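Peer 1: For reference, the structure I am asking about is given below.
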Amino acid sequence: MSDDQRDQNPAGQAPAAAPVGPQPEPIRFFGTTWVNHDGGYALRRVALALGSLVTAFAAALLLRLAYEGLEIGDVGPFLSISVVVLFAIASSIAFVKTWDSFSRRPAPSSDEAALKGLKTIGFIGSLIAYFLRCLAEAPGEKLRRAEYEHATAEFARRRSSRTGNPAARRPKRKK
């Protein structure tokens with residue numbers, strides 16, 4: 001195969017130009033459809049909201065079955081109450097941390113890694129936060145939209161201040 005044949009696009013089309021300016025950050029399950037709310041954005045929001053709600057109900061049912069297993073095992077009231085309180089606290093912390101993650105990025109030295117296990121135990125809270133956020137927007141859309149609009153405005157400001165090639169300018173005349 002010659003170099004000319006390798007350089008040709010198999011579809012016979014010209015290669016796509018690299019995008020100019022900042023590109024939007026994709027959101028899980030939404031890609032970049034959140035920018036213009038196209039490509040089935042509304043349908044995805046509804047499907048993900050229902051999916052997270054159904055998953056939260058299934059998880060609650062599973063936890064109830066586990067609690068009934070503790071009751072059948074006759075482990076005592078202290079352990080039964082402790083399990084319920086543990087899941088309630090873990091779910092509320094997971095809800096708050098998940099909800100906050102939609103509106104701001106975690107600090108590099110944050111305690112997110114330390115709370116990972118707690119958020120895993122309280123996964124029902126995370127699912128409920130995801131459901132509630134899907135009712136208003138794609139989870140994390142507000143944060144990413146603000147960052148994208150800021151980056152676009154900065155890019156436009158930098159591009160508009162350019163007037164040409166600085167090397168081609170004539171030196172200023174002394175008066």
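Ligands are numbered from 1 in the order shown, residues from 1 within each chain, and chains are lettered A, B, ... in the order they appear in the structure tokens.
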Tell me, as a CSV table (one decimal) with all heavy atoms, in the first residue's frame, which residues lie within 7 Å of segment 100-115 of chain A, counting only C-alpha atoms; anything in the same chain fewer than 5 positions away does not count.
Peer 2:
```
chain,number,residue,atom,x,y,z
A,139,PRO,N,-28.2,15.7,35.7
A,139,PRO,CA,-27.3,15.8,36.9
A,139,PRO,C,-25.9,16.4,36.6
A,139,PRO,O,-25.2,15.8,35.8
A,139,PRO,CB,-27.2,14.4,37.5
A,139,PRO,CG,-28.5,13.7,37.0
A,139,PRO,CD,-28.7,14.3,35.7
A,140,GLY,N,-25.6,17.5,37.1
A,140,GLY,CA,-24.4,18.2,36.9
A,140,GLY,C,-24.4,19.2,35.7
A,140,GLY,O,-23.4,19.8,35.4
A,142,LYS,N,-25.9,22.2,35.4
A,142,LYS,CA,-25.8,23.6,35.8
A,142,LYS,C,-24.3,23.9,36.0
A,142,LYS,O,-23.8,24.9,35.5
A,142,LYS,CB,-26.6,23.8,37.1
A,142,LYS,CG,-26.6,25.3,37.6
A,142,LYS,CD,-27.4,25.4,38.8
A,142,LYS,CE,-27.5,26.8,39.2
A,142,LYS,NZ,-28.3,27.0,40.4
A,143,LEU,N,-23.6,23.0,36.7
A,143,LEU,CA,-22.2,23.2,36.9
A,143,LEU,C,-21.4,23.3,35.6
A,143,LEU,O,-20.6,24.2,35.3
A,143,LEU,CB,-21.6,22.1,37.8
A,143,LEU,CG,-20.1,22.1,38.0
A,143,LEU,CD1,-19.6,23.3,38.7
A,143,LEU,CD2,-19.7,20.8,38.7
```
Peer 1: Report as a ChimeraX atom specification all protein, DNA and RNA residues lying within 12 Å of Asn36 of chain A, evaluated on only C-alpha atoms, omitting residues in the same chain fewer than 5 positions from it.
Peer 2: /A:24,30-31,41-42,141,145
Peer 1: Would you please work out which residue, of A:Leu70, A:Leu43, A:Ile81, A:Leu127, is nearest to Ala58 of chain A when using only C-alpha atoms?
Peer 2: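 Result for the nearest residue to Ala58 of chain A: A:Leu127.
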Peer 1: Contacts of Leu135 of chain A at 12 Å or less, counting only C-alpha atoms, minus same-chain residues fewer than 4 places along, as a PyMOL selection string?
Peer 2: chain A and resi 42-50+52-53+128-131+139
Peer 1: Please produce a file of the residues just selected, as an mmCIF file, in the first residue's frame, where the atoms kept are C-alpha atoms.
Peer 2:
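And here's part-v8.cif as it stands now:
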```
data_model
loop_
_atom_site.group_PDB
_atom_site.id
_atom_site.type_symbol
_atom_site.label_atom_id
_atom_site.label_comp_id
_atom_site.auth_asym_id
_atom_site.auth_seq_id
_atom_site.Cartn_x
_atom_site.Cartn_y
_atom_site.Cartn_z
ATOM 1 C CA ALA A 42 -35.799 15.137 27.489
ATOM 2 C CA LEU A 43 -36.436 11.447 26.913
ATOM 3 C CA ARG A 44 -33.129 10.561 28.547
ATOM 4 C CA ARG A 45 -33.956 12.709 31.566
ATOM 5 C CA VAL A 46 -37.322 11.029 32.002
ATOM 6 C CA ALA A 47 -35.855 7.540 31.511
ATOM 7 C CA LEU A 48 -33.027 8.157 33.979
ATOM 8 C CA ALA A 49 -35.370 9.680 36.547
ATOM 9 C CA LEU A 50 -37.693 6.691 36.357
ATOM 10 C CA SER A 52 -33.209 5.750 39.435
ATOM 11 C CA LEU A 53 -36.569 5.810 41.225
ATOM 12 C CA ILE A 128 -33.010 9.617 45.293
ATOM 13 C CA ALA A 129 -30.740 12.651 44.765
ATOM 14 C CA TYR A 130 -30.179 11.541 41.177
ATOM 15 C CA PHE A 131 -33.949 11.137 40.669
ATOM 16 C CA PRO A 139 -27.312 15.841 36.919
#
```
Peer 1: Go through segment 12-88 of chain A and collect every residue that DSSP, computed from the backbone, puts in alpha helix (DSSP H); the answer should be as a PyMOL selection string.
Peer 2: chain A and resi 41-72+77-88
Peer 1: Just write the chosen residues, N, CA and C atoms, as a compact mmCIF listing (two decimals), in the first residue's frame.
Peer 2:
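Below is the file result-v8.txt, written as the result:
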```txt
# COMPACT_ATOMS: atom_id res chain seq x y z
N TYR A 41 -32.66 14.50 24.61
CA TYR A 41 -32.31 14.95 25.96
C TYR A 41 -33.46 14.77 26.94
N ALA A 42 -34.65 15.22 26.58
CA ALA A 42 -35.80 15.14 27.49
C ALA A 42 -36.17 13.69 27.76
N LEU A 43 -36.13 12.86 26.74
CA LEU A 43 -36.44 11.45 26.91
C LEU A 43 -35.42 10.77 27.82
N ARG A 44 -34.17 11.12 27.68
CA ARG A 44 -33.13 10.56 28.55
C ARG A 44 -33.34 10.98 29.99
N ARG A 45 -33.71 12.25 30.20
CA ARG A 45 -33.96 12.71 31.57
C ARG A 45 -35.10 11.95 32.21
N VAL A 46 -36.17 11.76 31.47
CA VAL A 46 -37.32 11.03 32.00
C VAL A 46 -36.95 9.57 32.28
N ALA A 47 -36.24 8.94 31.33
CA ALA A 47 -35.85 7.54 31.51
C ALA A 47 -34.91 7.37 32.70
N LEU A 48 -33.96 8.27 32.85
CA LEU A 48 -33.03 8.16 33.98
C LEU A 48 -33.70 8.46 35.31
N ALA A 49 -34.64 9.40 35.31
CA ALA A 49 -35.37 9.68 36.55
C ALA A 49 -36.18 8.46 36.97
N LEU A 50 -36.91 7.88 36.03
CA LEU A 50 -37.69 6.69 36.36
C LEU A 50 -36.80 5.51 36.73
N GLY A 51 -35.69 5.36 36.02
CA GLY A 51 -34.77 4.27 36.31
C GLY A 51 -34.17 4.38 37.70
N SER A 52 -33.78 5.58 38.10
CA SER A 52 -33.21 5.75 39.43
C SER A 52 -34.26 5.57 40.52
N LEU A 53 -35.50 6.00 40.25
CA LEU A 53 -36.57 5.81 41.22
C LEU A 53 -36.91 4.33 41.38
N VAL A 54 -37.02 3.61 40.27
CA VAL A 54 -37.31 2.17 40.34
C VAL A 54 -36.17 1.43 41.05
N THR A 55 -34.94 1.82 40.76
CA THR A 55 -33.80 1.19 41.42
C THR A 55 -33.79 1.48 42.91
N ALA A 56 -34.17 2.70 43.31
CA ALA A 56 -34.24 3.04 44.73
C ALA A 56 -35.32 2.20 45.43
N PHE A 57 -36.47 2.02 44.77
CA PHE A 57 -37.51 1.18 45.37
C PHE A 57 -37.06 -0.28 45.47
N ALA A 58 -36.39 -0.77 44.45
CA ALA A 58 -35.89 -2.15 44.49
C ALA A 58 -34.85 -2.31 45.60
N ALA A 59 -34.00 -1.31 45.77
CA ALA A 59 -32.99 -1.37 46.82
C ALA A 59 -33.64 -1.32 48.20
N ALA A 60 -34.68 -0.50 48.35
CA ALA A 60 -35.39 -0.43 49.63
C ALA A 60 -36.07 -1.77 49.93
N LEU A 61 -36.61 -2.40 48.91
CA LEU A 61 -37.21 -3.72 49.11
C LEU A 61 -36.15 -4.74 49.52
N LEU A 62 -35.01 -4.67 48.91
CA LEU A 62 -33.92 -5.58 49.26
C LEU A 62 -33.46 -5.36 50.70
N LEU A 63 -33.38 -4.11 51.12
CA LEU A 63 -33.00 -3.81 52.51
C LEU A 63 -34.09 -4.28 53.49
N ARG A 64 -35.32 -4.18 53.07
CA ARG A 64 -36.39 -4.67 53.94
C ARG A 64 -36.30 -6.18 54.11
N LEU A 65 -36.00 -6.89 53.02
CA LEU A 65 -35.82 -8.34 53.11
C LEU A 65 -34.64 -8.69 54.02
N ALA A 66 -33.58 -7.91 53.94
CA ALA A 66 -32.44 -8.14 54.82
C ALA A 66 -32.82 -7.89 56.28
N TYR A 67 -33.61 -6.85 56.52
CA TYR A 67 -34.05 -6.57 57.88
C TYR A 67 -34.95 -7.70 58.40
N GLU A 68 -35.83 -8.21 57.55
CA GLU A 68 -36.67 -9.33 57.95
C GLU A 68 -35.83 -10.57 58.26
N GLY A 69 -34.73 -10.72 57.52
CA GLY A 69 -33.81 -11.83 57.82
C GLY A 69 -33.20 -11.67 59.21
N LEU A 70 -32.91 -10.44 59.60
CA LEU A 70 -32.40 -10.20 60.95
C LEU A 70 -33.47 -10.52 61.99
N GLU A 71 -34.71 -10.18 61.68
CA GLU A 71 -35.81 -10.48 62.61
C GLU A 71 -36.02 -11.98 62.75
N ILE A 72 -35.92 -12.68 61.63
CA ILE A 72 -36.08 -14.14 61.67
C ILE A 72 -34.92 -14.76 62.45
N PRO A 77 -33.05 -6.59 69.63
CA PRO A 77 -33.49 -5.25 69.21
C PRO A 77 -32.34 -4.27 68.99
N PHE A 78 -31.24 -4.41 69.73
CA PHE A 78 -30.13 -3.46 69.58
C PHE A 78 -29.56 -3.51 68.17
N LEU A 79 -29.28 -4.71 67.67
CA LEU A 79 -28.70 -4.85 66.33
C LEU A 79 -29.70 -4.43 65.25
N SER A 80 -30.96 -4.79 65.43
CA SER A 80 -31.98 -4.42 64.45
C SER A 80 -32.11 -2.91 64.33
N ILE A 81 -32.17 -2.24 65.48
CA ILE A 81 -32.28 -0.78 65.46
C ILE A 81 -31.00 -0.16 64.93
N SER A 82 -29.86 -0.71 65.27
CA SER A 82 -28.58 -0.19 64.80
C SER A 82 -28.48 -0.25 63.27
N VAL A 83 -28.95 -1.34 62.68
CA VAL A 83 -28.90 -1.48 61.22
C VAL A 83 -29.78 -0.43 60.55
N VAL A 84 -30.98 -0.22 61.09
CA VAL A 84 -31.89 0.78 60.52
C VAL A 84 -31.30 2.18 60.63
N VAL A 85 -30.76 2.51 61.79
CA VAL A 85 -30.17 3.83 62.01
C VAL A 85 -28.95 4.01 61.11
N LEU A 86 -28.11 2.98 60.97
CA LEU A 86 -26.93 3.05 60.11
C LEU A 86 -27.31 3.36 58.68
N PHE A 87 -28.29 2.63 58.15
CA PHE A 87 -28.71 2.88 56.77
C PHE A 87 -29.37 4.24 56.60
N ALA A 88 -30.11 4.69 57.61
CA ALA A 88 -30.74 6.01 57.52
C ALA A 88 -29.69 7.12 57.50
```
Peer 1: Smallest atom-to-atom distance to Thr32 of chain A: which of A:Arg144, A:Leu118, A:Ser92, A:Asp74, using only C-alpha atoms?
Peer 2: A:Arg144
Peer 1: If you measure from atom CA of Trp99 of chain A to atom CA of Gly122 of chain A, what distance in Å do you get, rounded to one decimal?
Peer 2: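 About the pair atom CA of Trp99 of chain A and atom CA of Gly122 of chain A: they are 13.2 Å apart.
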Peer 1: Using only C-alpha atoms, pick whichever of A:Ala136, A:Ala18, A:Ile27, A:Val35 has the shortest atom-to-atom distance to Glu149 of chain A.
Peer 2: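 When distances to Glu149 of chain A are compared using only C-alpha atoms, the smallest one comes from A:Val35.
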